[in-house]
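Peer 1: To be precise about what I am sending: the file is called my_file23.cif and holds mmCIF, C-alpha atoms, pLDDT in the B column; chains and numbers go by the auth columns.
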data_start
loop_
_atom_site.group_PDB
_atom_site.id
_atom_site.type_symbol
_atom_site.label_atom_id
_atom_site.label_comp_id
_atom_site.label_asym_id
_atom_site.label_seq_id
_atom_site.Cartn_x
_atom_site.Cartn_y
_atom_site.Cartn_z
_atom_site.B_iso_or_equiv
_atom_site.auth_seq_id
_atom_site.auth_asym_id
ATOM 1 C CA MET A 1 -8.472 28.883 13.591 59.00 1 A
ATOM 2 C CA ASN A 2 -11.565 28.901 11.369 68.00 2 A
ATOM 3 C CA GLU A 3 -9.818 31.158 8.855 68.00 3 A
ATOM 4 C CA SER A 4 -6.824 28.800 8.806 67.00 4 A
ATOM 5 C CA LEU A 5 -9.039 25.811 8.108 73.00 5 A
ATOM 6 C CA LYS A 6 -10.886 27.692 5.381 76.00 6 A
ATOM 7 C CA PHE A 7 -7.568 28.549 3.786 71.00 7 A
ATOM 8 C CA VAL A 8 -6.356 24.942 3.924 71.00 8 A
ATOM 9 C CA PHE A 9 -9.532 23.626 2.256 77.00 9 A
ATOM 10 C CA SER A 10 -9.589 26.383 -0.350 78.00 10 A
ATOM 11 C CA GLU A 11 -5.947 25.751 -1.285 71.00 11 A
ATOM 12 C CA SER A 12 -6.626 22.016 -1.466 74.00 12 A
ATOM 13 C CA TYR A 13 -9.518 22.644 -3.837 77.00 13 A
ATOM 14 C CA LYS A 14 -7.341 24.914 -5.995 75.00 14 A
ATOM 15 C CA THR A 15 -4.655 22.222 -6.140 71.00 15 A
ATOM 16 C CA VAL A 16 -7.220 19.664 -7.333 75.00 16 A
ATOM 17 C CA LYS A 17 -8.325 22.052 -10.085 77.00 17 A
ATOM 18 C CA ARG A 18 -4.736 22.963 -10.978 74.00 18 A
ATOM 19 C CA TYR A 19 -3.452 19.361 -11.258 70.00 19 A
ATOM 20 C CA PRO A 20 -6.489 17.132 -11.941 78.00 20 A
ATOM 21 C CA LEU A 21 -4.527 14.292 -13.557 75.00 21 A
ATOM 22 C CA PHE A 22 -2.089 13.909 -10.646 71.00 22 A
ATOM 23 C CA THR A 23 -4.952 14.177 -8.181 74.00 23 A
ATOM 24 C CA ILE A 24 -6.983 11.473 -9.942 78.00 24 A
ATOM 25 C CA ILE A 25 -3.945 9.167 -10.154 75.00 25 A
ATOM 26 C CA SER A 26 -3.149 9.716 -6.466 73.00 26 A
ATOM 27 C CA SER A 27 -6.763 9.075 -5.461 77.00 27 A
ATOM 28 C CA LEU A 28 -6.915 5.899 -7.553 79.00 28 A
ATOM 29 C CA THR A 29 -3.666 4.516 -6.162 74.00 29 A
ATOM 30 C CA ILE A 30 -4.798 5.254 -2.594 77.00 30 A
ATOM 31 C CA GLY A 31 -8.146 3.579 -3.331 80.00 31 A
ATOM 32 C CA VAL A 32 -6.493 0.496 -4.816 77.00 32 A
ATOM 33 C CA GLY A 33 -4.099 0.365 -1.868 73.00 33 A
ATOM 34 C CA LEU A 34 -7.018 0.409 0.595 79.00 34 A
ATOM 35 C CA ILE A 35 -8.795 -2.291 -1.418 81.00 35 A
ATOM 36 C CA LEU A 36 -5.684 -4.493 -1.324 75.00 36 A
ATOM 37 C CA PHE A 37 -5.322 -3.900 2.405 75.00 37 A
ATOM 38 C CA SER A 38 -8.973 -4.883 2.933 80.00 38 A
ATOM 39 C CA PHE A 39 -8.456 -7.923 0.698 78.00 39 A
ATOM 40 C CA ALA A 40 -5.454 -8.996 2.797 73.00 40 A
ATOM 41 C CA ILE A 41 -7.546 -8.801 5.987 76.00 41 A
ATOM 42 C CA TYR A 42 -10.372 -10.700 4.288 81.00 42 A
ATOM 43 C CA MET A 43 -7.963 -13.394 3.069 74.00 43 A
ATOM 44 C CA ALA A 44 -6.546 -13.762 6.582 70.00 44 A
ATOM 45 C CA ASN A 45 -10.049 -14.354 7.995 75.00 45 A
ATOM 46 C CA VAL A 46 -11.005 -16.755 5.185 77.00 46 A
ATOM 47 C CA THR A 47 -7.746 -18.669 5.606 71.00 47 A
ATOM 48 C CA GLU A 48 -8.273 -18.978 9.353 70.00 48 A
ATOM 49 C CA ASN A 49 -11.819 -20.289 8.858 76.00 49 A
ATOM 50 C CA ILE A 50 -10.754 -22.764 6.144 72.00 50 A
ATOM 51 C CA SER A 51 -7.862 -23.969 8.286 67.00 51 A
ATOM 52 C CA LYS A 52 -10.137 -24.412 11.301 69.00 52 A
ATOM 53 C CA SER A 53 -12.738 -26.269 9.242 72.00 53 A
ATOM 54 C CA PHE A 54 -10.073 -28.492 7.665 67.00 54 A
ATOM 55 C CA ASN A 55 -8.578 -29.229 11.072 63.00 55 A
ATOM 56 C CA GLU A 56 -11.954 -30.182 12.553 64.00 56 A
ATOM 57 C CA ASN A 57 -13.387 -32.201 9.659 67.00 57 A
ATOM 58 C CA GLU A 58 -10.673 -33.349 7.261 67.00 58 A
ATOM 59 C CA LEU A 59 -7.355 -33.567 9.095 76.00 59 A
ATOM 60 C CA GLU A 60 -7.708 -37.105 10.400 81.00 60 A
ATOM 61 C CA ILE A 61 -4.756 -39.188 11.558 87.00 61 A
ATOM 62 C CA ASP A 62 -5.256 -42.961 11.445 89.00 62 A
ATOM 63 C CA LEU A 63 -3.096 -45.307 13.535 90.00 63 A
ATOM 64 C CA PHE A 64 -3.197 -48.963 12.508 90.00 64 A
ATOM 65 C CA PHE A 65 -1.954 -51.342 15.178 91.00 65 A
ATOM 66 C CA LYS A 66 -0.010 -54.501 14.499 89.00 66 A
ATOM 67 C CA ASN A 67 -2.018 -57.703 14.078 83.00 67 A
ATOM 68 C CA SER A 68 -0.396 -59.207 17.159 84.00 68 A
ATOM 69 C CA ILE A 69 -1.906 -56.484 19.390 87.00 69 A
ATOM 70 C CA ASN A 70 -5.363 -57.485 20.613 87.00 70 A
ATOM 71 C CA VAL A 71 -8.397 -55.197 20.819 87.00 71 A
ATOM 72 C CA VAL A 72 -8.098 -54.427 24.537 89.00 72 A
ATOM 73 C CA GLU A 73 -4.426 -53.480 24.354 91.00 73 A
ATOM 74 C CA SER A 74 -5.026 -51.434 21.186 90.00 74 A
ATOM 75 C CA LYS A 75 -7.761 -49.455 22.923 90.00 75 A
ATOM 76 C CA ILE A 76 -5.526 -48.792 25.940 91.00 76 A
ATOM 77 C CA ILE A 77 -2.728 -47.488 23.699 91.00 77 A
ATOM 78 C CA CYS A 78 -5.215 -45.334 21.784 91.00 78 A
ATOM 79 C CA ASN A 79 -6.459 -43.749 25.024 91.00 79 A
ATOM 80 C CA GLU A 80 -2.869 -43.126 26.151 91.00 80 A
ATOM 81 C CA ILE A 81 -2.072 -41.253 22.925 89.00 81 A
ATOM 82 C CA ILE A 82 -5.258 -39.199 23.213 89.00 82 A
ATOM 83 C CA GLU A 83 -4.404 -38.191 26.797 89.00 83 A
ATOM 84 C CA ASN A 84 -0.738 -37.428 26.036 87.00 84 A
ATOM 85 C CA PHE A 85 -1.623 -34.980 23.245 84.00 85 A
ATOM 86 C CA SER A 86 -4.828 -33.596 24.835 82.00 86 A
ATOM 87 C CA ILE A 87 -6.934 -34.559 21.815 83.00 87 A
ATOM 88 C CA MET A 88 -10.659 -33.819 22.058 80.00 88 A
ATOM 89 C CA LYS A 89 -12.082 -35.621 19.017 82.00 89 A
ATOM 90 C CA PHE A 90 -11.167 -39.252 18.378 87.00 90 A
ATOM 91 C CA SER A 91 -12.571 -42.697 17.659 87.00 91 A
ATOM 92 C CA PHE A 92 -11.500 -46.312 18.058 91.00 92 A
ATOM 93 C CA THR A 93 -12.379 -49.000 15.501 88.00 93 A
ATOM 94 C CA ASN A 94 -11.967 -52.686 16.386 86.00 94 A
ATOM 95 C CA ARG A 95 -11.341 -55.525 13.940 82.00 95 A
ATOM 96 C CA GLU A 96 -15.012 -56.343 13.309 81.00 96 A
ATOM 97 C CA GLU A 97 -15.980 -52.702 12.694 80.00 97 A
ATOM 98 C CA LEU A 98 -13.053 -52.124 10.349 80.00 98 A
ATOM 99 C CA PHE A 99 -13.901 -55.319 8.474 76.00 99 A
ATOM 100 C CA SER A 100 -17.547 -54.202 8.108 78.00 100 A
ATOM 101 C CA SER A 101 -16.437 -50.869 6.634 75.00 101 A
ATOM 102 C CA ILE A 102 -14.616 -52.564 3.722 72.00 102 A
ATOM 103 C CA SER A 103 -16.648 -52.125 0.531 70.00 103 A
ATOM 104 C CA ASP A 104 -14.705 -54.464 -1.764 68.00 104 A
ATOM 105 C CA SER A 105 -16.612 -57.774 -1.665 69.00 105 A
ATOM 106 C CA GLU A 106 -13.727 -59.865 -3.046 68.00 106 A
ATOM 107 C CA LEU A 107 -11.345 -58.433 -0.467 63.00 107 A
ATOM 108 C CA LYS A 108 -13.893 -59.142 2.264 66.00 108 A
ATOM 109 C CA LYS A 109 -14.209 -62.761 1.200 68.00 109 A
ATOM 110 C CA TRP A 110 -10.433 -63.179 1.178 60.00 110 A
ATOM 111 C CA ILE A 111 -10.034 -61.606 4.633 63.00 111 A
ATOM 112 C CA GLN A 112 -12.895 -63.703 6.011 63.00 112 A
ATOM 113 C CA SER A 113 -11.245 -66.855 4.728 62.00 113 A
ATOM 114 C CA GLU A 114 -7.966 -65.889 6.385 62.00 114 A
ATOM 115 C CA GLY A 115 -9.604 -64.903 9.664 62.00 115 A
ATOM 116 C CA LEU A 116 -10.333 -61.542 11.269 65.00 116 A
ATOM 117 C CA ASP A 117 -7.064 -61.688 13.202 66.00 117 A
ATOM 118 C CA PHE A 118 -5.506 -60.470 9.971 71.00 118 A
ATOM 119 C CA VAL A 119 -7.437 -57.169 10.318 80.00 119 A
ATOM 120 C CA PRO A 120 -5.794 -54.559 12.600 85.00 120 A
ATOM 121 C CA CYS A 121 -7.492 -52.204 15.027 89.00 121 A
ATOM 122 C CA LYS A 122 -7.544 -48.522 14.175 91.00 122 A
ATOM 123 C CA CYS A 123 -7.284 -45.392 16.308 92.00 123 A
ATOM 124 C CA SER A 124 -8.413 -42.186 14.540 89.00 124 A
ATOM 125 C CA PHE A 125 -8.156 -38.645 15.897 87.00 125 A
ATOM 126 C CA TYR A 126 -8.148 -35.011 14.823 82.00 126 A
ATOM 127 C CA PRO A 127 -5.052 -33.166 16.116 81.00 127 A
ATOM 128 C CA ASN A 128 -5.277 -29.736 17.729 72.00 128 A
ATOM 129 C CA SER A 129 -2.734 -28.232 15.317 67.00 129 A
ATOM 130 C CA ASP A 130 -2.736 -28.158 11.506 60.00 130 A
ATOM 131 C CA SER A 131 0.899 -27.018 11.184 70.00 131 A
ATOM 132 C CA ILE A 132 2.826 -29.578 9.187 75.00 132 A
ATOM 133 C CA ASP A 133 5.907 -29.201 11.406 78.00 133 A
ATOM 134 C CA ASN A 134 3.887 -29.840 14.582 81.00 134 A
ATOM 135 C CA LEU A 135 2.186 -32.829 12.983 82.00 135 A
ATOM 136 C CA ASP A 136 5.524 -34.296 11.907 83.00 136 A
ATOM 137 C CA LEU A 137 6.809 -33.946 15.476 87.00 137 A
ATOM 138 C CA MET A 138 3.653 -35.603 16.814 86.00 138 A
ATOM 139 C CA ILE A 139 3.918 -38.528 14.385 87.00 139 A
ATOM 140 C CA LYS A 140 7.624 -38.923 15.126 88.00 140 A
ATOM 141 C CA ARG A 141 6.971 -39.033 18.859 89.00 141 A
ATOM 142 C CA ILE A 142 4.148 -41.571 18.492 89.00 142 A
ATOM 143 C CA LYS A 143 6.320 -43.802 16.310 87.00 143 A
ATOM 144 C CA SER A 144 9.153 -43.552 18.814 88.00 144 A
ATOM 145 C CA ASP A 145 6.991 -44.369 21.854 88.00 145 A
ATOM 146 C CA TYR A 146 4.955 -47.159 20.232 88.00 146 A
ATOM 147 C CA SER A 147 7.251 -48.513 17.518 85.00 147 A
ATOM 148 C CA ASP A 148 6.538 -52.108 18.543 87.00 148 A
ATOM 149 C CA LYS A 149 2.761 -51.581 18.735 89.00 149 A
ATOM 150 C CA ILE A 150 1.824 -49.466 15.723 89.00 150 A
ATOM 151 C CA ASP A 151 2.199 -50.756 12.186 88.00 151 A
ATOM 152 C CA THR A 152 1.189 -47.742 10.028 88.00 152 A
ATOM 153 C CA ILE A 153 0.286 -44.080 10.556 88.00 153 A
ATOM 154 C CA VAL A 154 -1.719 -42.408 7.792 87.00 154 A
ATOM 155 C CA TYR A 155 -2.452 -38.669 7.533 81.00 155 A
ATOM 156 C CA PRO A 156 -2.874 -36.169 4.624 76.00 156 A
ATOM 157 C CA ARG A 157 0.599 -34.626 4.758 77.00 157 A
ATOM 158 C CA ALA A 158 0.670 -33.793 1.032 77.00 158 A
ATOM 159 C CA TYR A 159 -2.614 -31.865 1.252 76.00 159 A
ATOM 160 C CA ILE A 160 -1.413 -29.884 4.270 75.00 160 A
ATOM 161 C CA ASN A 161 1.840 -29.037 2.486 77.00 161 A
ATOM 162 C CA LYS A 162 -0.016 -27.849 -0.635 80.00 162 A
ATOM 163 C CA PHE A 163 -2.446 -25.843 1.495 75.00 163 A
ATOM 164 C CA GLU A 164 0.375 -24.066 3.361 75.00 164 A
ATOM 165 C CA ASN A 165 2.215 -23.300 0.097 80.00 165 A
ATOM 166 C CA LEU A 166 -0.977 -21.900 -1.456 79.00 166 A
ATOM 167 C CA ILE A 167 -1.587 -19.589 1.509 75.00 167 A
ATOM 168 C CA ASP A 168 2.051 -18.425 1.545 76.00 168 A
ATOM 169 C CA ASN A 169 1.898 -17.628 -2.183 80.00 169 A
ATOM 170 C CA LEU A 170 -1.339 -15.686 -1.792 76.00 170 A
ATOM 171 C CA TYR A 171 0.082 -13.611 1.047 74.00 171 A
ATOM 172 C CA SER A 172 3.265 -12.945 -0.939 77.00 172 A
ATOM 173 C CA ILE A 173 1.304 -11.736 -3.977 78.00 173 A
ATOM 174 C CA VAL A 174 -0.897 -9.443 -1.875 73.00 174 A
ATOM 175 C CA PHE A 175 2.139 -8.082 -0.002 75.00 175 A
ATOM 176 C CA ILE A 176 4.073 -7.343 -3.225 79.00 176 A
ATOM 177 C CA LEU A 177 1.092 -5.645 -4.849 75.00 177 A
ATOM 178 C CA GLY A 178 0.458 -3.641 -1.691 72.00 178 A
ATOM 179 C CA ALA A 179 4.103 -2.503 -1.564 77.00 179 A
ATOM 180 C CA ILE A 180 3.982 -1.411 -5.225 79.00 180 A
ATOM 181 C CA ILE A 181 0.733 0.495 -4.750 75.00 181 A
ATOM 182 C CA PHE A 182 2.059 2.108 -1.553 76.00 182 A
ATOM 183 C CA ALA A 183 5.195 3.275 -3.390 79.00 183 A
ATOM 184 C CA MET A 184 3.041 4.679 -6.208 76.00 184 A
ATOM 185 C CA CYS A 185 0.886 6.547 -3.677 74.00 185 A
ATOM 186 C CA ILE A 186 3.939 8.169 -2.082 78.00 186 A
ATOM 187 C CA LEU A 187 5.433 9.072 -5.479 79.00 187 A
ATOM 188 C CA ASN A 188 2.234 10.612 -6.852 73.00 188 A
ATOM 189 C CA ILE A 189 1.366 12.538 -3.702 75.00 189 A
ATOM 190 C CA SER A 190 4.915 13.846 -3.328 78.00 190 A
ATOM 191 C CA ASN A 191 4.835 15.031 -6.951 75.00 191 A
ATOM 192 C CA VAL A 192 1.585 16.909 -6.326 72.00 192 A
ATOM 193 C CA ILE A 193 3.057 18.499 -3.180 74.00 193 A
ATOM 194 C CA ARG A 194 6.221 19.567 -4.999 78.00 194 A
ATOM 195 C CA LEU A 195 4.248 21.108 -7.856 74.00 195 A
ATOM 196 C CA THR A 196 1.963 22.907 -5.435 72.00 196 A
ATOM 197 C CA MET A 197 4.871 24.260 -3.382 75.00 197 A
ATOM 198 C CA GLU A 198 6.640 25.456 -6.520 76.00 198 A
ATOM 199 C CA ALA A 199 3.521 27.138 -7.861 72.00 199 A
ATOM 200 C CA ARG A 200 2.599 28.689 -4.497 74.00 200 A
ATOM 201 C CA LYS A 201 6.082 29.661 -3.366 78.00 201 A
ATOM 202 C CA ASN A 202 5.129 33.334 -2.978 79.00 202 A
ATOM 203 C CA THR A 203 1.974 32.464 -1.067 76.00 203 A
ATOM 204 C CA ILE A 204 3.939 30.249 1.340 78.00 204 A
ATOM 205 C CA THR A 205 6.456 33.065 1.943 81.00 205 A
ATOM 206 C CA ILE A 206 3.641 35.527 2.677 79.00 206 A
ATOM 207 C CA LEU A 207 1.992 32.998 5.012 76.00 207 A
ATOM 208 C CA LYS A 208 5.185 32.584 7.018 79.00 208 A
ATOM 209 C CA LEU A 209 5.664 36.355 7.197 80.00 209 A
ATOM 210 C CA HIS A 210 2.183 36.617 8.664 76.00 210 A
ATOM 211 C CA GLY A 211 3.079 34.024 11.319 78.00 211 A
ATOM 212 C CA ALA A 212 1.640 30.851 9.784 76.00 212 A
ATOM 213 C CA SER A 213 2.954 27.699 11.450 77.00 213 A
ATOM 214 C CA ASN A 214 4.638 24.848 9.577 75.00 214 A
ATOM 215 C CA PHE A 215 1.578 22.731 10.348 76.00 215 A
ATOM 216 C CA ILE A 216 -0.681 25.094 8.369 72.00 216 A
ATOM 217 C CA VAL A 217 1.802 25.287 5.492 72.00 217 A
ATOM 218 C CA ARG A 218 2.167 21.505 5.295 69.00 218 A
ATOM 219 C CA GLY A 219 -1.580 21.080 5.533 66.00 219 A
#
Could you write out this file's structure as structure tokens?

Peer 2:
Amino acid sequence: MNESLKFVFSESYKTVKRYPLFTIISSLTIGVGLILFSFAIYMANVTENISKSFNENELEIDLFFKNSINVVESKIICNEIIENFSIMKFSFTNREELFSSISDSELKKWIQSEGLDFVPCKCSFYPNSDSIDNLDLMIKRIKSDYSDKIDTIVYPRAYINKFENLIDNLYSIVFILGAIIFAMCILNISNVIRLTMEARKNTITILKLHGASNFIVRG
């Protein structure tokens, strides 16, 4: 067994010396392929962390109730929505709080002159899913169940769509490059093997006559 291993390593070394260019190209393509594979794993982890951070801190859905719905009823509806979708992070803003958050002084004066009944209550929450399809289904269901209570639903759909497209494009680029590098690895290594087999045809025949297994020959 030791002699067989010595022979395999010695023949490998001779092949490297005999075909240095093919060996270097094969080694480089394998190295680049491993780097791309590592990059794909890294991108997957980064994407997951960015998505989780975006979901927890940026992906806020705001429900504005109709002016005719009072504060108590608005809060009850907000709690119902939170319970139905098992949402962990949410907040409720009444008319006075929403009015206080307005920074435009002229707009504040106009609203104050009209009365705070003009200002709606707001229910804000962070959904458990950042998939645009799941969010669309959630919004559609909320609109269907509370069409006569809710006036407007605001959420960053355009940003989510752009984010998903960016991630899909990145994965596609990495996959295509990885496939090209993988094909180059196979082509270069197979060329080296063919050249070696052609050059060592007599040696392979002698090895088989002495009882060498196919495993040793392939190695």

Peer 1: So what does the PyMOL selection byres ((chain A and resi 217) around 10) actually pick up in this one, as a PyMOL selection string?

Peer 2: chain A and resi 4+8+197+203-205+207-208+212-216+218-219

Peer 1: Report the closest atom pair, with its distance in Å rounded to one decimal, for each residue of region 105-192 of chain A that has an atom no farther than 7 Å from region 28-32 of chain A; count all atoms listed in the file, sort by chain and then rising residue number, and write it as JSON lines.

Peer 2:
{"residue": "A:Ile181", "atom": "CA", "partner": "A:Thr29", "partner_atom": "CA", "distance": 6.1}
{"residue": "A:Met184", "atom": "CA", "partner": "A:Thr29", "partner_atom": "CA", "distance": 6.7}
{"residue": "A:Cys185", "atom": "CA", "partner": "A:Thr29", "partner_atom": "CA", "distance": 5.6}

Peer 1: Tell me, as a list in words, which residues lie within 7 Å of region 13-23 of chain A, counting all atoms listed in the file; anything in the same chain fewer than 5 positions away does not count.

Peer 2: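 In the requested format, the answer is Asn188, Val192 and Thr196 of chain A.
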
Peer 1: Please provide as a list in words all residues within 12 Å of Thr47 (chain A), with the sequence filter that same-chain residues fewer than 2 positions apart are discarded (counting all atoms listed in the file).

Peer 2: Phe39, Ala40, Ile41, Tyr42, Met43, Ala44, Asn45, Asn49, Ile50, Ser51, Lys52, Ser53, Phe54, Asn55, Phe163, Glu164, Leu166, Ile167, Asp168, Leu170 and Tyr171 of chain A

Peer 1: When you draw a straight line from CA of Ala183 (chain A) to CA of Ser38 (chain A), how long is it in Å?

Peer 2: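 So the answer is 17.5 Å.
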
Peer 1: Please report the interatomic distance between CA of Arg200 (chain A) and CA of Phe7 (chain A) in Å with one decimal.

Peer 2: 13.1 Å

Peer 1: Using only C-alpha atoms, can you tell me which of A:Ile61, A:Ile193, A:Ile77, A:Val72 comes closest to Asp148 (chain A)?

Peer 2: A:Ile77

Peer 1: Mind checking which residues fall within 7 Å of Ile153 (chain A), counting all atoms listed in the file, ignoring those fewer than 3 positions away in the same chain, and posting them as a short mmCIF file (atom, residue, chain, number, x, y, z; two decimals) with C-alpha atoms, in the frame of the given file?

Peer 2:
data_model
loop_
_atom_site.label_atom_id
_atom_site.label_comp_id
_atom_site.auth_asym_id
_atom_site.auth_seq_id
_atom_site.Cartn_x
_atom_site.Cartn_y
_atom_site.Cartn_z
CA ASP A 62 -5.26 -42.96 11.44
CA LEU A 63 -3.10 -45.31 13.54
CA PHE A 64 -3.20 -48.96 12.51
#

Peer 1: Using the chain letters and numbers from the file, give me the residues hit by the PyMOL selection byres ((chain A and resi 93) around 9), as a VMD selection string.

Peer 2: chain A and resid 75 91 to 92 94 to 98 121 to 124

Peer 1: Hey, can you check how far CA of Pro127 (chain A) sits from CA of Leu59 (chain A)?

Peer 2: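 CA of Leu59 (chain A) lies at a distance of 7.4 Å from CA of Pro127 (chain A).
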
Peer 1: Spell out the residues picked by the PyMOL selection byres ((chain A and resi 139) around 12) here, as a list in words.

Peer 2: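 Those residues are Ile61, Asp62, Leu63, Ile81, Phe85, Pro127, Ile132, Asp133, Asn134, Leu135, Asp136, Leu137, Met138, Lys140, Arg141, Ile142, Lys143, Ser144, Asp145, Tyr146, Ser147, Ile150, Thr152, Ile153, Val154, Tyr155 and Arg157 of chain A.
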
Peer 1: Considering only C-alpha atoms, can you say which of A:Pro156, A:Asp151, A:Tyr126, A:Val46 comes closest to Ser74 (chain A)?

Peer 2: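 Comparing A:Pro156, A:Asp151, A:Tyr126, A:Val46 against Ser74 (chain A), the winner is A:Asp151.
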
Peer 1: Measuring between all atoms listed in the file, which one of A:Ala179, A:Phe118, A:Lys162, A:Ile189 shows the shortest distance to Ile69 (chain A)?

Peer 2: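 Selected residue with least distance to Ile69 (chain A): A:Phe118.
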